[in-house]
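Enquirer: Just so it is clear, I am handing over model_38.txt, which has compact mmCIF, C-alpha atoms.
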```
# COMPACT_ATOMS: atom_id res chain seq x y z
CA MET A 370 109.46 92.50 157.83
CA GLY A 371 105.97 93.99 157.47
CA ILE A 372 103.87 94.44 154.37
CA LYS A 373 104.85 98.09 154.15
CA ASP A 374 108.56 97.24 154.27
CA PHE A 375 108.06 94.60 151.55
CA PHE A 376 106.63 97.10 149.06
CA THR A 377 108.95 99.98 149.96
CA LYS A 378 112.18 97.99 149.98
CA LYS A 379 114.38 98.56 146.94
CA ARG A 380 114.79 95.37 144.98
CA SER A 381 117.99 94.44 143.18
CA ASP A 382 118.09 93.03 139.66
CA SER A 383 118.83 89.36 140.22
CA PRO A 384 118.52 86.36 137.88
CA VAL A 385 115.13 84.69 137.77
CA ALA A 386 114.58 81.48 139.68
CA ALA A 387 113.79 78.18 138.00
CA VAL A 388 110.44 77.97 136.24
CA GLN A 389 108.09 75.40 137.77
CA THR A 390 105.94 74.77 134.68
CA SER A 391 108.79 74.31 132.19
CA ALA A 392 108.89 70.72 130.98
CA GLY A 393 111.88 69.04 129.42
CA ARG A 394 114.18 68.33 132.37
CA SER A 395 114.33 64.57 132.40
CA PHE A 396 116.92 61.88 131.75
CA MET A 397 116.78 63.00 128.09
CA SER A 398 117.11 66.68 128.95
CA SER A 399 120.45 67.09 127.13
CA PHE A 400 118.67 66.24 123.88
CA GLU A 401 115.21 67.66 124.51
CA THR A 402 116.38 71.14 125.46
CA PHE A 403 118.13 71.74 122.14
CA SER A 404 116.06 73.33 119.39
CA PRO A 405 117.46 73.66 115.86
CA VAL A 406 116.64 77.08 114.45
CA SER A 407 117.13 76.35 110.77
CA SER A 408 115.10 73.41 109.51
CA ALA A 409 113.52 72.18 106.31
CA GLN A 410 110.62 74.54 106.97
CA MET A 411 112.94 77.54 107.02
CA ARG A 412 114.51 76.45 103.75
CA LEU A 413 110.97 76.17 102.37
CA TYR A 414 110.31 79.79 103.31
CA ARG A 415 113.47 80.92 101.53
CA ASP A 416 112.51 78.93 98.42
CA LEU A 417 109.03 80.43 98.65
CA ARG A 418 110.48 83.91 98.27
CA ASN A 419 112.29 82.80 95.13
CA ALA A 420 109.19 81.14 93.67
CA VAL A 421 106.63 83.90 94.37
CA PRO A 422 108.03 87.36 93.56
CA ILE A 423 105.23 89.23 95.37
CA ILE A 424 106.29 87.65 98.69
CA ASP A 425 109.90 88.70 98.18
CA ALA A 426 108.80 92.21 97.21
CA ALA A 427 106.60 92.48 100.31
CA ILE A 428 109.45 91.58 102.68
CA ASP A 429 111.83 93.98 100.94
CA LYS A 430 109.31 96.82 101.28
CA LEU A 431 108.73 96.06 104.96
CA VAL A 432 112.48 96.18 105.57
CA ARG A 433 112.83 99.54 103.83
CA LEU A 434 109.82 101.02 105.66
CA VAL A 435 110.90 99.87 109.14
CA CYS A 436 114.68 100.25 109.16
CA SER A 437 114.99 104.02 109.28
CA PHE A 438 116.26 105.32 112.61
CA THR A 439 118.84 107.33 114.52
CA ILE A 440 120.59 106.38 117.77
CA THR A 441 121.11 109.27 120.19
CA CYS A 442 122.18 109.84 123.80
CA ASP A 443 122.32 112.72 126.30
CA ASP A 444 126.06 113.29 125.90
CA LYS A 445 126.34 115.11 122.57
CA SER A 446 130.05 114.43 122.12
CA ALA A 447 129.48 110.72 122.74
CA GLU A 448 126.46 110.81 120.43
CA LYS A 449 128.48 112.31 117.58
CA GLU A 450 131.25 109.77 118.04
CA MET A 451 128.79 106.87 118.27
CA GLN A 452 126.81 107.89 115.18
CA ASN A 453 129.99 108.37 113.18
CA PHE A 454 131.25 104.91 114.13
CA LEU A 455 127.95 103.06 113.67
CA SER A 456 127.49 104.57 110.21
CA LYS A 457 130.77 102.92 109.14
CA VAL A 458 130.92 99.81 111.33
CA PRO A 459 131.88 96.66 109.36
CA VAL A 460 129.00 94.19 109.00
CA GLY A 461 129.80 90.61 108.07
CA GLY A 462 132.96 91.62 106.22
CA ASN A 463 131.09 92.66 103.06
CA THR A 464 129.06 95.75 103.99
CA ARG A 465 129.13 98.63 106.45
CA GLY A 466 126.72 100.57 108.63
CA LEU A 467 124.25 99.75 111.39
CA GLU A 468 121.32 100.16 109.01
CA SER A 469 122.76 97.44 106.78
CA PHE A 470 123.08 95.14 109.78
CA ILE A 471 119.54 95.75 111.03
CA SER A 472 118.10 95.39 107.50
CA ILE A 473 119.64 91.92 107.12
CA TYR A 474 118.64 91.11 110.70
CA PHE A 475 115.01 92.13 110.11
CA ASP A 476 114.88 90.34 106.75
CA GLU A 477 115.94 87.10 108.46
CA LEU A 478 113.44 87.70 111.26
CA LEU A 479 110.52 88.03 108.83
CA THR A 480 111.58 85.07 106.71
CA CYS A 481 112.53 82.57 109.42
CA GLY A 482 110.83 83.98 112.53
CA THR A 483 114.19 84.11 114.37
CA ALA A 484 117.22 86.36 113.94
CA VAL A 485 120.57 86.26 115.74
CA GLY A 486 123.32 88.86 115.64
CA GLU A 487 126.69 89.29 117.31
CA ILE A 488 128.85 92.18 118.41
CA ILE A 489 132.49 91.38 117.58
CA PRO A 490 135.04 93.17 119.80
CA THR A 491 138.58 93.96 118.80
CA VAL A 492 141.65 92.41 120.42
CA SER A 493 141.96 95.44 122.67
CA GLY A 494 138.34 95.07 123.83
CA SER A 495 136.69 97.90 121.88
CA PHE A 496 133.71 97.69 119.55
CA GLY A 497 134.94 96.08 116.34
CA ALA A 498 132.17 94.89 114.02
CA LEU A 499 128.67 93.46 113.72
CA TYR A 500 127.85 90.02 112.38
CA ASN A 501 124.58 88.51 111.15
CA THR A 502 124.66 84.92 112.34
CA CYS A 503 123.58 82.19 109.93
CA LEU A 504 120.80 80.18 111.55
CA ASP A 505 122.23 76.98 110.08
CA ASP A 506 125.22 77.30 112.41
CA ILE A 507 123.43 77.58 115.76
CA GLN A 508 120.96 75.86 118.04
CA LEU A 509 118.87 77.25 120.87
CA LYS A 510 119.05 75.58 124.27
CA ARG A 511 116.82 76.04 127.26
CA ASN A 512 118.78 77.28 130.23
CA GLU A 513 118.90 75.23 133.43
CA ASN A 514 116.52 77.66 135.10
CA GLY A 515 113.90 76.74 132.49
CA PHE A 516 113.44 80.38 131.44
CA ASP A 517 116.48 81.83 129.71
CA VAL A 518 117.74 80.78 126.28
CA ASP A 519 121.34 79.91 125.45
CA ILE A 520 122.70 80.17 121.92
CA CYS A 521 124.94 77.20 121.10
CA LEU A 522 126.77 75.79 118.13
CA CYS A 523 125.10 73.13 116.03
CA SER A 524 126.86 70.18 117.67
CA VAL A 525 124.76 68.96 120.60
CA GLY A 526 126.46 69.47 123.93
CA GLU A 527 128.68 72.30 122.72
CA ALA A 528 129.26 74.95 125.38
CA LYS A 529 127.49 78.23 124.91
CA PRO A 530 129.56 81.26 123.83
CA SER A 531 131.78 82.67 126.58
CA ARG A 532 130.37 86.20 126.20
CA PRO A 533 126.60 85.93 125.73
CA GLU A 534 126.25 89.66 126.45
CA LEU A 535 127.57 90.27 122.93
CA LEU A 536 124.81 88.18 121.32
CA MET A 537 121.38 89.43 120.26
CA MET A 538 118.32 87.39 119.37
CA SER A 539 114.80 88.33 118.33
CA VAL A 540 111.80 86.11 117.67
CA LEU A 541 108.60 86.89 115.80
CA ASN A 542 105.24 85.72 117.20
CA PRO A 543 106.74 82.90 119.30
CA THR A 544 104.67 79.87 120.27
CA PRO A 545 104.47 79.32 124.06
CA GLY A 546 107.00 76.71 125.14
CA HIS A 547 109.07 77.01 121.96
CA LEU A 548 112.40 78.79 121.69
CA GLU A 549 112.18 79.84 118.07
CA GLY A 550 109.69 82.25 116.49
CA ASN A 551 107.23 81.89 113.63
CA SER A 552 107.88 83.20 110.15
CA LEU A 553 105.73 85.89 108.58
CA LEU A 554 105.25 83.39 105.74
CA LYS A 555 103.68 80.78 108.01
CA GLY A 556 100.53 79.46 106.33
CA LEU A 557 101.52 80.60 102.84
CA PRO A 558 103.17 77.42 101.42
CA PHE A 559 99.78 75.79 100.77
CA VAL A 560 98.27 78.90 99.20
CA SER A 561 101.42 79.52 97.17
CA SER A 562 101.46 75.93 95.91
CA ILE A 563 97.96 76.44 94.46
CA LEU A 564 99.06 79.70 92.87
CA MET A 565 102.12 78.06 91.32
CA LYS A 566 99.97 75.23 89.94
CA ILE A 567 97.73 77.79 88.25
CA TYR A 568 100.69 79.63 86.76
CA ASN A 569 102.27 76.37 85.63
CA THR A 570 99.01 75.33 83.97
CA ILE A 571 98.75 78.70 82.21
CA GLY A 572 102.24 78.23 80.83
CA THR A 573 101.50 74.70 79.67
CA ASN A 574 98.25 75.74 77.98
CA PHE A 575 99.95 78.58 76.14
CA GLU A 576 102.66 76.21 74.95
CA ARG A 577 99.95 73.96 73.56
CA VAL A 578 97.56 76.60 72.21
CA GLY A 579 99.99 79.41 71.42
CA ASN A 580 102.19 77.11 69.34
CA VAL A 581 99.37 75.77 67.19
CA ARG A 582 99.40 72.05 66.40
CA TYR A 583 97.25 70.55 63.68
CA ALA A 584 95.50 67.23 63.19
CA VAL A 585 95.47 66.17 59.52
CA THR A 586 92.98 63.38 58.85
CA TYR A 587 92.76 61.47 55.57
CA LYS A 588 89.71 59.29 54.91
CA PRO A 589 90.02 56.76 52.06
CA GLN A 590 87.12 56.44 49.61
CA ASN A 591 85.07 53.31 49.12
CA ASP A 592 86.79 52.17 45.91
CA ALA A 593 89.33 49.35 46.17
CA LEU A 594 92.19 51.33 44.58
CA ASP A 595 91.94 54.13 47.12
CA LYS A 596 91.89 51.68 50.01
CA ALA A 597 94.88 49.78 48.63
CA TYR A 598 97.08 52.89 48.50
CA ALA A 599 95.74 54.55 51.67
CA LYS A 600 99.02 54.16 53.59
CA GLU A 601 101.16 55.56 50.79
CA ARG A 602 98.85 58.54 50.30
CA ALA A 603 98.78 59.22 54.05
CA LEU A 604 102.58 59.25 54.14
CA GLN A 605 102.69 61.55 51.11
CA ILE A 606 100.17 63.96 52.71
CA ALA A 607 102.19 63.97 55.95
CA SER A 608 105.40 64.74 54.05
CA GLU A 609 103.85 67.61 52.09
CA TRP A 610 102.17 69.04 55.20
CA SER A 611 105.48 68.91 57.09
CA LYS A 612 107.24 70.80 54.29
CA ALA A 613 104.51 73.45 54.23
CA MET A 614 104.68 73.96 58.03
CA ASN A 615 108.49 73.96 58.26
CA SER A 616 108.96 76.57 55.55
CA SER A 617 110.38 79.78 56.93
CA GLY A 618 110.27 83.20 55.30
CA SER A 619 107.80 82.16 52.59
CA VAL A 620 104.23 80.92 52.27
CA HIS A 621 103.61 77.42 50.87
CA ASP A 622 100.25 76.10 49.83
CA PHE A 623 99.15 72.59 50.71
CA VAL A 624 97.22 70.68 48.03
CA ALA A 625 95.67 67.28 48.68
CA VAL A 626 93.30 65.01 46.77
CA GLY A 627 90.54 63.14 48.54
CA ASP A 628 88.74 63.59 51.82
CA VAL A 629 91.32 65.47 53.91
CA GLN A 630 90.37 67.39 57.08
CA ILE A 631 92.67 69.79 58.95
CA LYS A 632 91.85 70.97 62.48
CA ALA A 633 93.82 72.90 65.09
CA ILE A 634 94.38 70.79 68.21
CA GLY A 635 92.76 72.39 71.22
CA ALA A 636 90.85 75.01 69.23
CA ASP A 637 87.51 73.62 70.39
CA ASN A 638 88.51 73.63 74.07
CA GLN A 639 88.01 76.73 76.21
CA ILE A 640 90.84 77.67 78.59
CA LEU A 641 89.64 78.08 82.16
CA ASP A 642 89.38 81.64 83.47
CA CYS A 643 92.12 81.94 86.08
CA GLU A 644 91.61 85.58 87.07
CA VAL A 645 89.29 84.85 90.00
CA PRO A 646 91.29 82.00 91.63
CA VAL A 647 94.59 83.88 91.15
CA ARG A 648 93.16 86.95 92.85
CA GLN A 649 91.84 84.83 95.72
CA MET A 650 95.28 83.36 96.31
CA LEU A 651 96.95 86.76 96.04
CA GLU A 652 94.48 88.21 98.55
CA GLN A 653 95.55 85.58 101.07
CA ILE A 654 99.23 86.39 100.50
CA VAL A 655 98.76 90.16 100.69
CA SER A 656 96.68 89.92 103.86
CA LYS A 657 99.51 87.96 105.52
CA THR A 658 102.10 90.60 104.67
CA GLY A 659 100.00 93.46 106.06
CA LEU A 660 100.81 95.74 103.11
CA PRO A 661 98.15 97.55 101.05
CA PRO A 662 97.70 95.97 97.61
CA PHE A 663 98.74 99.12 95.74
CA MET A 664 102.21 98.95 97.33
CA LEU A 665 102.75 95.61 95.61
CA GLY A 666 101.61 96.80 92.19
CA LEU A 667 98.12 95.28 92.41
CA THR A 668 95.54 97.59 90.82
CA TRP A 669 92.54 96.46 92.80
CA SER A 670 89.59 98.79 93.28
CA SER A 671 90.04 100.93 96.37
CA THR A 672 88.41 104.12 97.61
CA GLU A 673 90.27 107.05 99.16
CA ARG A 674 88.86 106.26 102.60
CA MET A 675 89.84 102.60 102.30
CA SER A 676 93.38 103.59 101.29
CA ALA A 677 93.65 105.83 104.36
CA GLN A 678 92.49 103.00 106.62
CA GLN A 679 95.01 100.63 105.01
CA ALA A 680 97.74 103.20 105.65
CA ASP A 681 96.75 103.39 109.33
CA ILE A 682 96.85 99.61 109.65
CA LEU A 683 100.25 99.54 107.96
CA THR A 684 101.52 102.15 110.42
CA SER A 685 100.49 99.99 113.39
CA GLU A 686 102.16 96.96 111.80
CA LEU A 687 105.43 98.82 111.30
CA GLU A 688 105.36 100.18 114.84
CA HIS A 689 104.96 96.61 116.11
CA TYR A 690 108.07 95.52 114.19
CA ARG A 691 110.00 98.52 115.49
CA LYS A 692 109.23 97.53 119.07
CA ILE A 693 110.80 94.14 118.37
CA LEU A 694 113.95 95.68 116.87
CA GLU A 695 114.38 98.48 119.40
CA PRO A 696 116.00 96.32 122.17
CA VAL A 697 118.61 95.17 119.64
CA LEU A 698 119.49 98.73 118.67
CA LEU A 699 119.62 99.82 122.31
CA LYS A 700 121.96 96.95 123.15
CA ILE A 701 124.28 97.87 120.30
CA GLY A 702 124.30 101.55 121.27
CA ASN A 703 124.80 100.93 124.99
CA THR A 704 127.54 98.37 124.33
CA TYR A 705 129.46 100.88 122.24
CA LEU A 706 129.08 103.56 124.90
CA ARG A 707 130.26 101.25 127.70
CA MET A 708 133.23 99.96 125.70
CA ASN A 709 134.34 103.55 125.15
CA GLY A 710 133.91 104.66 128.75
CA TYR A 711 130.64 106.62 128.46
CA THR A 712 127.86 106.34 131.04
CA SER A 713 125.06 107.80 128.92
CA GLU A 714 122.13 105.63 127.86
CA ALA A 715 121.39 105.14 124.18
CA GLN A 716 118.01 106.09 122.74
CA VAL A 717 116.39 105.16 119.43
CA GLU A 718 114.59 107.81 117.40
CA TRP A 719 112.53 106.29 114.61
CA LYS A 720 111.91 108.36 111.52
CA ASP A 721 108.34 109.06 110.46
CA ILE A 722 106.86 106.23 108.46
CA CYS A 723 105.38 108.51 105.83
CA LEU A 724 104.68 112.19 105.23
CA GLN A 725 100.93 111.61 105.28
CA ASP A 726 101.01 110.77 108.99
CA ALA A 727 102.86 114.01 109.77
CA VAL A 728 100.37 116.03 107.72
CA GLU A 729 97.39 114.47 109.48
CA THR A 730 99.00 115.09 112.88
CA ALA A 731 99.65 118.71 111.98
CA LYS A 732 96.05 119.17 110.86
CA ALA A 733 94.77 117.70 114.12
CA ARG A 734 96.96 120.08 116.15
CA LEU A 735 95.73 123.03 114.07
CA TYR A 736 92.08 122.11 114.57
CA ASN A 737 92.60 121.69 118.33
CA ALA A 738 94.33 125.07 118.55
CA GLN A 739 91.53 126.76 116.63
CA ALA A 740 88.92 125.13 118.85
CA GLU A 741 90.78 126.19 122.00
CA LYS A 742 91.08 129.76 120.71
CA THR A 743 87.36 129.90 119.94
CA GLU A 744 86.47 128.60 123.39
CA LYS A 745 88.66 131.25 125.07
CA GLU A 746 87.10 134.03 123.00
CA GLU A 747 83.59 132.84 123.88
CA SER A 748 84.45 132.68 127.57
CA LEU A 749 85.84 136.23 127.49
CA ASN A 750 82.71 137.53 125.75
CA GLU A 751 80.52 135.87 128.38
CA LYS A 752 82.49 137.54 131.18
CA LYS A 753 82.13 140.95 129.53
CA LEU A 754 78.39 140.48 129.31
```
Turn this file's structure into structure tokens for me.

Expert:
Amino acid sequence: MGIKDFFTKKRSDSPVAAVQTSAGRSFMSSFETFSPVSSAQMRLYRDLRNAVPIIDAAIDKLVRLVCSFTITCDDKSAEKEMQNFLSKVPVGGNTRGLESFISIYFDELLTCGTAVGEIIPTVSGSFGALYNTCLDDIQLKRNENGFDVDICLCSVGEAKPSRPELLMMSVLNPTPGHLEGNSLLKGLPFVSSILMKIYNTIGTNFERVGNVRYAVTYKPQNDALDKAYAKERALQIASEWSKAMNSSGSVHDFVAVGDVQIKAIGADNQILDCEVPVRQMLEQIVSKTGLPPFMLGLTWSSTERMSAQQADILTSELEHYRKILEPVLLKIGNTYLRMNGYTSEAQVEWKDICLQDAVETAKARLYNAQAEKTEKEESLNEKKL
């Protein structure tokens, strides 16, 4: 076979051969090839969302901004049937709709870096439901060819599911050689721990300073009688001071004889200004989420041009996430079509991220049309001359 025949010959879709540079196949391969998806680090990320509300709000906003789509196909009758079913498909037994499934799927992907879903068929073999798999129940295993990934149960050595074509998995920013992805929150536990220490210190200081405590000091005089009864007088002063402070609904005066000094504890100490360090920590968190600060309720100074640039960056971030989710949606749509005897291919139509993008696009098209019209008029005038 010549070089020309090699490039012109139609190639069939066949499984990939074994990878030469994939390590891990040794006498311990049955243990080394398994990779637990849910670990202590993943639980830390979930706890981090509970501890820092701005992180939880950022992920919720990303989910709402990304997960807005419509699945279509060339066959309009099949499209109508598919859209009607997917809008009501059971998800996990407690909710319905493909958007609900993909929202939970994307939320897990951002939090843990890995998301797994399953298409559940009915007994008759039709499309039955969708299920968001808990990462605590599965492990990832490197396939024998060193390239593909098998989804297995948690027990090591358990056979992979009999119908892997019904499983879906997505990873976020995977590390080369690793099966699982990296969470969007990677790098934030350290920064968040500093932020929580600052907040905890603020609360402690306000408990100490806000609820004023007093130091009552009694100094006996030099005469022998005063020194002899110093303890009794101190106890009497403490009793009267306690009565005056514990009185509720009325004002009580405190009268003492001798050298008595009363000072508020902590009044002479200045509380550290925490505005600058808190903002520095929040800047690190916001930069990791990719959202503009104003979307998270942070009133930081920002110009109109800077806000427009932040909106453009956000658009590119959301488009990146949509590219990760699109194969999952296509697999769900195509699986439904095949199970119901249709040969059409599913397509995903994403809704516009915001109205501002559509307005800017329309303005650009208008300016181009006006410029083209002006050029044509000038060319016609030149020909007449």

Enquirer: Residues of segment 423-447 of chain A within 10 Å of segment 646-655 of chain A: nearest atom pair and distance (Å, one decimal) for each, counting all atoms listed in the file, sorted by chain and number, as JSON lines?

Expert:
```
{"residue": "A:Ile423", "atom": "CA", "partner": "A:Ile654", "partner_atom": "CA", "distance": 8.4}
{"residue": "A:Ile424", "atom": "CA", "partner": "A:Ile654", "partner_atom": "CA", "distance": 7.4}
{"residue": "A:Ala427", "atom": "CA", "partner": "A:Val655", "partner_atom": "CA", "distance": 8.2}
```

Enquirer: Could the residues in this selection be saved with C-alpha atoms as a short mmCIF file (atom, residue, chain, number, x, y, z; two decimals), in the frame of the given file?

Expert:
```
data_model
loop_
_atom_site.label_atom_id
_atom_site.label_comp_id
_atom_site.auth_asym_id
_atom_site.auth_seq_id
_atom_site.Cartn_x
_atom_site.Cartn_y
_atom_site.Cartn_z
CA ILE A 423 105.23 89.23 95.37
CA ILE A 424 106.29 87.65 98.69
CA ALA A 427 106.60 92.48 100.31
#
```

Enquirer: Using only C-alpha atoms, determine which residues lie at most 9 Å from Pro490 of chain A, disregarding the query and same-chain residues fewer than 6 positions distant; provide the list as an NGL selection string.

Expert: :A and (496-499 or 535)

Enquirer: Give me, as an MDAnalysis selection string, all polymer residues having an atom no more than 7 Å from segment 441-450 of chain A, counting all atoms listed in the file and skipping those fewer than 5 positions away in the same chain.

Expert: chainID A and resid 713:717

Enquirer: Just give me the gap between atom CA of Asp506 of chain A and atom CA of Ala484 of chain A in Å, one decimal is fine.

Expert: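 The value is 12.2 Å.
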
Enquirer: Determine, counting all atoms listed in the file, which protein, DNA and RNA residues have an atom within 9 Å of an atom of segment 563-565 of chain A; residues of the same chain fewer than 2 positions away are not included. Present the result as a list in words.

Expert: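 Listed by chain and then number, they are Ala420, Val421, Pro558, Phe559, Val560, Ser561, Ile567, Tyr568, Asn569, Thr570, Pro646, Val647, Met650 and Leu651 of chain A.
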
Enquirer: Restricting the calculation to all atoms listed in the file: of A:Lys720, A:Arg691, A:Arg412, A:Arg418, which residue gets closest to Ser472 of chain A?

Expert: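 Of all the options, A:Arg691 lies closest to Ser472 of chain A.
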
Enquirer: Between atom CA of Arg433 of chain A and atom CA of Phe663 of chain A, what is the spacing in Å?

Expert: 16.3 Å

Enquirer: Nearest to Glu534 of chain A among A:Leu665, A:Ile428, A:Ile489, A:Cys643, with distances taken over all atoms listed in the file: which residue is it?

Expert: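 That would be A:Ile489, the residue with the smallest distance to Glu534 of chain A.
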
Enquirer: For atom CA of Ala584 of chain A and atom CA of Lys632 of chain A, quote the distance in Å rounded to one decimal.

Expert: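 So the answer is 5.3 Å.
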
Enquirer: Choose the residue, out of A:Gly482, A:Gly627, A:Gly666, A:Gly546, that has the smallest atom-to-atom separation from Arg602 of chain A; count only C-alpha atoms.

Expert: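 For Arg602 of chain A, the nearest of the candidates is A:Gly627.
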
Enquirer: Between A:Phe454, A:Tyr690, A:Phe438, A:Tyr587, which is the closest to Phe475 of chain A once you count all atoms listed in the file?

Expert: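 Smallest distance to Phe475 of chain A is found for A:Tyr690.
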
Enquirer: Have a look at A:Ile722, A:Val432, A:Met537, A:Ile693 and name the one nearest to Asp681 of chain A; count only C-alpha atoms.

Expert: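 Checking each candidate against Asp681 of chain A, we get A:Ile722 as the closest.
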
Enquirer: For Tyr583 of chain A, which residue out of A:Leu660, A:Val645, A:Ala607, A:Ile471 is the nearest one, using only C-alpha atoms?

Expert: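 Smallest distance to Tyr583 of chain A is found for A:Ala607.
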